[in-house]
Amino acid sequence: MQAVVLNEPRKISVEAVPEPELQAQTDVLLRVTSSAICGTDLHIYEGRLGDGSRIVIGHEPLGVVERVGDAVVNVRVGDRVTVPTHICCGFCPNCWHGYSGSCLTTNPGKWGAAYGYPGMGGYAGAQAERLRVPFGDANCVRLPGEPGDRWEHDFVLLADALPTAYHATELARVRPGDIVAIYGAGAVGLLTAMCAFMRGASKVFVVDAVPARLDKAGELGAQPIDMREGDPVERILEELARERRGVAWRGEEANLGVTVAIDAIGFQARDRRDYAVENPDAVIADLARLIAPNGRLAIIGVFLDQDPHATTESARRGEYLIPWGTLFKKGVNVGMGRDHDKRYDDILRDAIVRGTLKPGRIVSHRLPLIDAADAFAKFDARSDGYIKVVLDPIASR
Ligand SMILES: [Zn+2]
Ligand SMILES: [Zn+2]
């Protein structure tokens, strides 16, 4: 079968690899109908997440079940399913408690496994014609409809991007009336805006520097803030102060700020004064200034415990400069970490089917799998309006 192989940093090829086989009675084999490229794939592509040489990449599949092992009970051949990025067993203590992203079984000796991801259990990736899914009953989320229908791009986002976004709004406990600021208008940032509105946020600012992504944020009803046009914190605070004028509790000016701040960028944040330069501390520094007293901060962008290519000595050791003093003084509640996709997938699937959520609106490109090398290069450059790319293995045949 054809699969997307990362040979070395920034060198992608689409080539024939062996067909996956059922290796255990609990396995499922999936025929992939859509497979999305994630911002995390770009970190792997750039060589920032450890040795990704000669791996089949990808962790965001949607497809149809082609074979099931003898011990699989809930999933049948022909079922349409999405498969959460984080591979879980369903029976370890972390899985019981809803922390499927920290499964103790699927990556022995560590916590958390994923497809096509260095250091996450060695599982083959999902940007391929077929995928082996371990513990099929625990990992397949059954879906209505047919391949290629109006939900194809909504459901493919259930694998990772949408539950990650929803996790951010859970960590920050977004509730009706909240004023939300999201740094990063990539797929996860945009979907976080969508989830925040679903939970009743009254205003959502989205900060980024890429015009196509800012336009998309505006389309979704958020207020785009172009970080290249001056300090985003000052501009948002000025706007909030203007809105408040004359109606606030006397002295409420001291409370100025967003009630919820979300970092959807992570360690590859850019320096506002020179956008070409990475500054991993920049986003949290901004959000600490921007958040109101007693606000809630969620960090869903990836940070690393070691990063040999980081721009600062401390970031190479996974140590970042965090304004704890400001956050403590403001009494900010901080939540962070990988999402536990399985915990949210049924809620989000039902919201899609009901029409409450239409996450597929953020998909900018659908391309044949054979065009993966070009798609990675353009997505990595954030050029040509590349926001979220879905690869189509069927169009490649
Ligand atoms: Zn992803
Ligand atoms: Zn588990």
# chains A, B, ... in the order shown; residues from 1 in each chain; ligands from 1
call {"tool": "select_by_dssp", "arguments": {"residues": "stretch 31-258 of chain A", "states": "strand (DSSP E)", "output": "ChimeraX atom specification"}}
result
/A:31-37,55-56,61-68,80-82,130-133,141-142,179-183,203-208,223-226,258
call {"tool": "closest_atom_pairs", "arguments": {"of": "chain A", "to": "ligand 2", "cutoff": "7 Å", "atoms": "only C-alpha atoms and all ligand atoms", "output": "JSON lines"}}
result
{"residue": "A:Cys88", "atom": "CA", "partner": "ligand 2", "partner_atom_place_in_ligand_line": "1 (Zn)", "distance": 4.7}
{"residue": "A:Cys89", "atom": "CA", "partner": "ligand 2", "partner_atom_place_in_ligand_line": "1 (Zn)", "distance": 3.9}
{"residue": "A:Gly90", "atom": "CA", "partner": "ligand 2", "partner_atom_place_in_ligand_line": "1 (Zn)", "distance": 4.9}
{"residue": "A:Phe91", "atom": "CA", "partner": "ligand 2", "partner_atom_place_in_ligand_line": "1 (Zn)", "distance": 5.3}
{"residue": "A:Cys92", "atom": "CA", "partner": "ligand 2", "partner_atom_place_in_ligand_line": "1 (Zn)", "distance": 4.1}
{"residue": "A:Pro93", "atom": "CA", "partner": "ligand 2", "partner_atom_place_in_ligand_line": "1 (Zn)", "distance": 6.7}
{"residue": "A:Asn94", "atom": "CA", "partner": "ligand 2", "partner_atom_place_in_ligand_line": "1 (Zn)", "distance": 5.8}
{"residue": "A:Cys95", "atom": "CA", "partner": "ligand 2", "partner_atom_place_in_ligand_line": "1 (Zn)", "distance": 4.4}
{"residue": "A:Ser100", "atom": "CA", "partner": "ligand 2", "partner_atom_place_in_ligand_line": "1 (Zn)", "distance": 6.1}
{"residue": "A:Cys103", "atom": "CA", "partner": "ligand 2", "partner_atom_place_in_ligand_line": "1 (Zn)", "distance": 3.6}
{"residue": "A:Leu104", "atom": "CA", "partner": "ligand 2", "partner_atom_place_in_ligand_line": "1 (Zn)", "distance": 5.1}
{"residue": "A:Thr105", "atom": "CA", "partner": "ligand 2", "partner_atom_place_in_ligand_line": "1 (Zn)", "distance": 5.1}
{"residue": "A:Thr106", "atom": "CA", "partner": "ligand 2", "partner_atom_place_in_ligand_line": "1 (Zn)", "distance": 6.7}
call {"tool": "residues_near_ligand", "arguments": {"ligand": "ligand 1", "cutoff": "10 Å", "atoms": "only C-alpha atoms and all ligand atoms", "output": "CSV table (one decimal) with C-alpha atoms, in the first residue's frame"}}
result
chain,number,residue,atom,x,y,z
A,36,ALA,CA,-5.3,15.0,8.1
A,37,ILE,CA,-1.9,16.6,8.5
A,38,CYS,CA,-1.5,18.1,12.0
A,39,GLY,CA,0.7,20.9,13.3
A,40,THR,CA,2.4,18.2,15.4
A,41,ASP,CA,3.3,16.4,12.1
A,42,LEU,CA,5.1,19.6,11.2
A,58,GLY,CA,0.1,10.7,10.6
A,59,HIS,CA,-2.3,10.4,13.5
A,60,GLU,CA,-5.6,11.8,12.3
A,61,PRO,CA,-7.5,9.1,10.4
A,84,PRO,CA,-8.4,9.0,18.3
A,85,THR,CA,-4.7,9.9,18.0
A,86,HIS,CA,-3.8,8.6,21.5
A,114,ALA,CA,0.1,7.6,19.3
A,115,TYR,CA,0.3,6.7,15.6
A,157,LEU,CA,-11.1,16.3,12.9
A,158,LEU,CA,-12.6,14.1,15.6
A,159,ALA,CA,-9.3,12.1,15.7
A,160,ASP,CA,-7.3,14.9,17.2
A,161,ALA,CA,-7.8,18.6,16.3
A,162,LEU,CA,-11.3,19.0,17.6
A,163,PRO,CA,-11.0,17.1,20.9
A,164,THR,CA,-7.7,19.0,21.5
A,187,ALA,CA,-6.5,24.4,13.2
A,188,VAL,CA,-6.6,23.9,16.9
call {"tool": "residues_around", "arguments": {"residues": "stretch 323-330 of chain A", "least_positions_apart": "3", "cutoff": "10 Å", "atoms": "only C-alpha atoms", "output": "VMD selection string"}}
result
chain A and resid 255 281 284 to 289 291 to 297 320 333 to 334
call {"tool": "write_last_selection", "arguments": {"atoms": "N, CA and C atoms", "output": "short mmCIF file (atom, residue, chain, number, x, y, z; two decimals), in the first residue's frame"}}
result
data_model
loop_
_atom_site.label_atom_id
_atom_site.label_comp_id
_atom_site.auth_asym_id
_atom_site.auth_seq_id
_atom_site.Cartn_x
_atom_site.Cartn_y
_atom_site.Cartn_z
N ASN A 255 -10.03 45.23 37.13
CA ASN A 255 -10.37 43.85 36.75
C ASN A 255 -10.19 43.61 35.26
N ASP A 281 8.96 31.75 25.05
CA ASP A 281 8.37 32.37 26.24
C ASP A 281 7.34 33.45 25.91
N ILE A 284 3.11 32.96 26.68
CA ILE A 284 2.67 32.94 28.08
C ILE A 284 2.90 34.32 28.71
N ALA A 285 4.00 34.99 28.31
CA ALA A 285 4.25 36.34 28.83
C ALA A 285 3.10 37.28 28.46
N ASP A 286 2.66 37.20 27.19
CA ASP A 286 1.53 38.04 26.76
C ASP A 286 0.25 37.68 27.52
N LEU A 287 -0.01 36.39 27.62
CA LEU A 287 -1.28 35.97 28.23
C LEU A 287 -1.33 36.34 29.72
N ALA A 288 -0.17 36.32 30.39
CA ALA A 288 -0.14 36.71 31.80
C ALA A 288 -0.52 38.18 31.96
N ARG A 289 -0.13 39.01 30.98
CA ARG A 289 -0.50 40.44 31.03
C ARG A 289 -1.97 40.63 30.68
N ILE A 291 -4.61 38.44 30.93
CA ILE A 291 -5.68 37.75 31.67
C ILE A 291 -6.13 38.59 32.86
N ALA A 292 -7.42 38.55 33.13
CA ALA A 292 -7.99 39.30 34.24
C ALA A 292 -7.69 38.57 35.55
N PRO A 293 -7.75 39.29 36.68
CA PRO A 293 -7.61 38.60 37.97
C PRO A 293 -8.63 37.46 38.07
N ASN A 294 -8.19 36.33 38.59
CA ASN A 294 -9.04 35.15 38.77
C ASN A 294 -9.45 34.50 37.46
N GLY A 295 -8.67 34.78 36.41
CA GLY A 295 -8.94 34.18 35.12
C GLY A 295 -8.43 32.74 35.03
N ARG A 296 -8.69 32.13 33.89
CA ARG A 296 -8.30 30.73 33.68
C ARG A 296 -7.44 30.62 32.42
N LEU A 297 -6.28 30.01 32.58
CA LEU A 297 -5.31 29.89 31.48
C LEU A 297 -5.16 28.42 31.09
N TYR A 320 11.30 26.87 30.64
CA TYR A 320 10.78 28.08 30.00
C TYR A 320 10.60 29.17 31.05
N ASN A 333 -5.88 30.36 37.36
CA ASN A 333 -5.94 28.91 37.35
C ASN A 333 -5.30 28.41 36.06
N VAL A 334 -4.30 27.54 36.16
CA VAL A 334 -3.57 27.11 34.96
C VAL A 334 -3.80 25.62 34.71
#
call {"tool": "select_by_dssp", "arguments": {"residues": "stretch 287-332 of chain A", "states": "alpha helix (DSSP H)", "output": "list in words"}}
result
Leu287, Ala288, Arg289, Leu290, Glu313, Ser314, Ala315, Arg316, Trp324, Gly325, Thr326, Leu327, Phe328, Lys329 and Lys330 of chain A
call {"tool": "write_last_selection", "arguments": {"atoms": "N, CA and C atoms", "output": "PDB file, in the first residue's frame"}}
result
ATOM      1  N   LEU A 287      -0.013  36.392  27.619  1.00  0.00           N
ATOM      2  CA  LEU A 287      -1.282  35.970  28.230  1.00  0.00           C
ATOM      3  C   LEU A 287      -1.330  36.337  29.716  1.00  0.00           C
ATOM      4  N   ALA A 288      -0.169  36.319  30.389  1.00  0.00           N
ATOM      5  CA  ALA A 288      -0.142  36.709  31.801  1.00  0.00           C
ATOM      6  C   ALA A 288      -0.520  38.181  31.961  1.00  0.00           C
ATOM      7  N   ARG A 289      -0.126  39.006  30.980  1.00  0.00           N
ATOM      8  CA  ARG A 289      -0.500  40.436  31.025  1.00  0.00           C
ATOM      9  C   ARG A 289      -1.966  40.628  30.679  1.00  0.00           C
ATOM     10  N   LEU A 290      -2.470  39.762  29.809  1.00  0.00           N
ATOM     11  CA  LEU A 290      -3.800  39.960  29.229  1.00  0.00           C
ATOM     12  C   LEU A 290      -4.920  39.414  30.110  1.00  0.00           C
ATOM     13  N   GLU A 313      19.185  28.650  25.768  1.00  0.00           N
ATOM     14  CA  GLU A 313      19.850  27.559  26.499  1.00  0.00           C
ATOM     15  C   GLU A 313      18.857  26.828  27.402  1.00  0.00           C
ATOM     16  N   SER A 314      18.023  27.599  28.111  1.00  0.00           N
ATOM     17  CA  SER A 314      17.099  26.957  29.051  1.00  0.00           C
ATOM     18  C   SER A 314      16.035  26.148  28.305  1.00  0.00           C
ATOM     19  N   ALA A 315      15.547  26.672  27.181  1.00  0.00           N
ATOM     20  CA  ALA A 315      14.514  25.939  26.431  1.00  0.00           C
ATOM     21  C   ALA A 315      15.060  24.624  25.888  1.00  0.00           C
ATOM     22  N   ARG A 316      16.364  24.553  25.655  1.00  0.00           N
ATOM     23  CA  ARG A 316      16.960  23.275  25.218  1.00  0.00           C
ATOM     24  C   ARG A 316      16.780  22.210  26.285  1.00  0.00           C
ATOM     25  N   TRP A 324       5.460  33.632  36.811  1.00  0.00           N
ATOM     26  CA  TRP A 324       4.651  33.057  37.891  1.00  0.00           C
ATOM     27  C   TRP A 324       4.131  34.126  38.838  1.00  0.00           C
ATOM     28  N   GLY A 325       4.988  35.157  39.093  1.00  0.00           N
ATOM     29  CA  GLY A 325       4.587  36.199  40.040  1.00  0.00           C
ATOM     30  C   GLY A 325       3.288  36.861  39.632  1.00  0.00           C
ATOM     31  N   THR A 326       3.202  37.229  38.350  1.00  0.00           N
ATOM     32  CA  THR A 326       1.980  37.868  37.845  1.00  0.00           C
ATOM     33  C   THR A 326       0.806  36.897  37.920  1.00  0.00           C
ATOM     34  N   LEU A 327       1.059  35.665  37.506  1.00  0.00           N
ATOM     35  CA  LEU A 327      -0.037  34.683  37.508  1.00  0.00           C
ATOM     36  C   LEU A 327      -0.518  34.411  38.938  1.00  0.00           C
ATOM     37  N   PHE A 328       0.423  34.344  39.878  1.00  0.00           N
ATOM     38  CA  PHE A 328       0.041  34.095  41.275  1.00  0.00           C
ATOM     39  C   PHE A 328      -0.755  35.273  41.829  1.00  0.00           C
ATOM     40  N   LYS A 329      -0.230  36.476  41.570  1.00  0.00           N
ATOM     41  CA  LYS A 329      -0.882  37.670  42.106  1.00  0.00           C
ATOM     42  C   LYS A 329      -2.309  37.791  41.579  1.00  0.00           C
ATOM     43  N   LYS A 330      -2.500  37.395  40.322  1.00  0.00           N
ATOM     44  CA  LYS A 330      -3.837  37.467  39.728  1.00  0.00           C
ATOM     45  C   LYS A 330      -4.718  36.268  40.113  1.00  0.00           C
TER      46      LYS A 330
END
call {"tool": "closest_atom_pairs", "arguments": {"of": "stretch 171-194 of chain A", "to": "stretch 219-230 of chain A", "cutoff": "9 Å", "atoms": "only C-alpha atoms", "output": "JSON lines"}}
result
{"residue": "A:Ala185", "atom": "CA", "partner": "A:Pro224", "partner_atom": "CA", "distance": 8.8}
{"residue": "A:Leu190", "atom": "CA", "partner": "A:Leu220", "partner_atom": "CA", "distance": 7.9}
{"residue": "A:Ala193", "atom": "CA", "partner": "A:Ala222", "partner_atom": "CA", "distance": 6.9}
{"residue": "A:Met194", "atom": "CA", "partner": "A:Leu220", "partner_atom": "CA", "distance": 6.9}
call {"tool": "write_last_selection", "arguments": {"atoms": "N, CA and C atoms", "output": "mmCIF file, in the first residue's frame"}}
result
data_model
loop_
_atom_site.group_PDB
_atom_site.id
_atom_site.type_symbol
_atom_site.label_atom_id
_atom_site.label_comp_id
_atom_site.auth_asym_id
_atom_site.auth_seq_id
_atom_site.Cartn_x
_atom_site.Cartn_y
_atom_site.Cartn_z
ATOM 1 N N ALA A 185 -3.939 30.806 15.383
ATOM 2 C CA ALA A 185 -5.116 30.558 14.544
ATOM 3 C C ALA A 185 -4.848 29.409 13.585
ATOM 4 N N LEU A 190 -8.402 27.748 15.868
ATOM 5 C CA LEU A 190 -9.699 28.066 15.249
ATOM 6 C C LEU A 190 -10.808 27.192 15.830
ATOM 7 N N ALA A 193 -11.833 28.369 19.194
ATOM 8 C CA ALA A 193 -12.786 29.477 19.108
ATOM 9 C C ALA A 193 -14.203 28.932 18.910
ATOM 10 N N MET A 194 -14.330 27.960 18.020
ATOM 11 C CA MET A 194 -15.640 27.364 17.743
ATOM 12 C C MET A 194 -16.236 26.711 19.000
#
call {"tool": "residues_around", "arguments": {"residues": "stretch 195-211 of chain A", "least_positions_apart": "3", "cutoff": "8 Å", "atoms": "only C-alpha atoms", "output": "PyMOL selection string"}}
result
chain A and resi 165-166+169+174-185+189-192+214-215+217+221-228+232+236+356-357+382
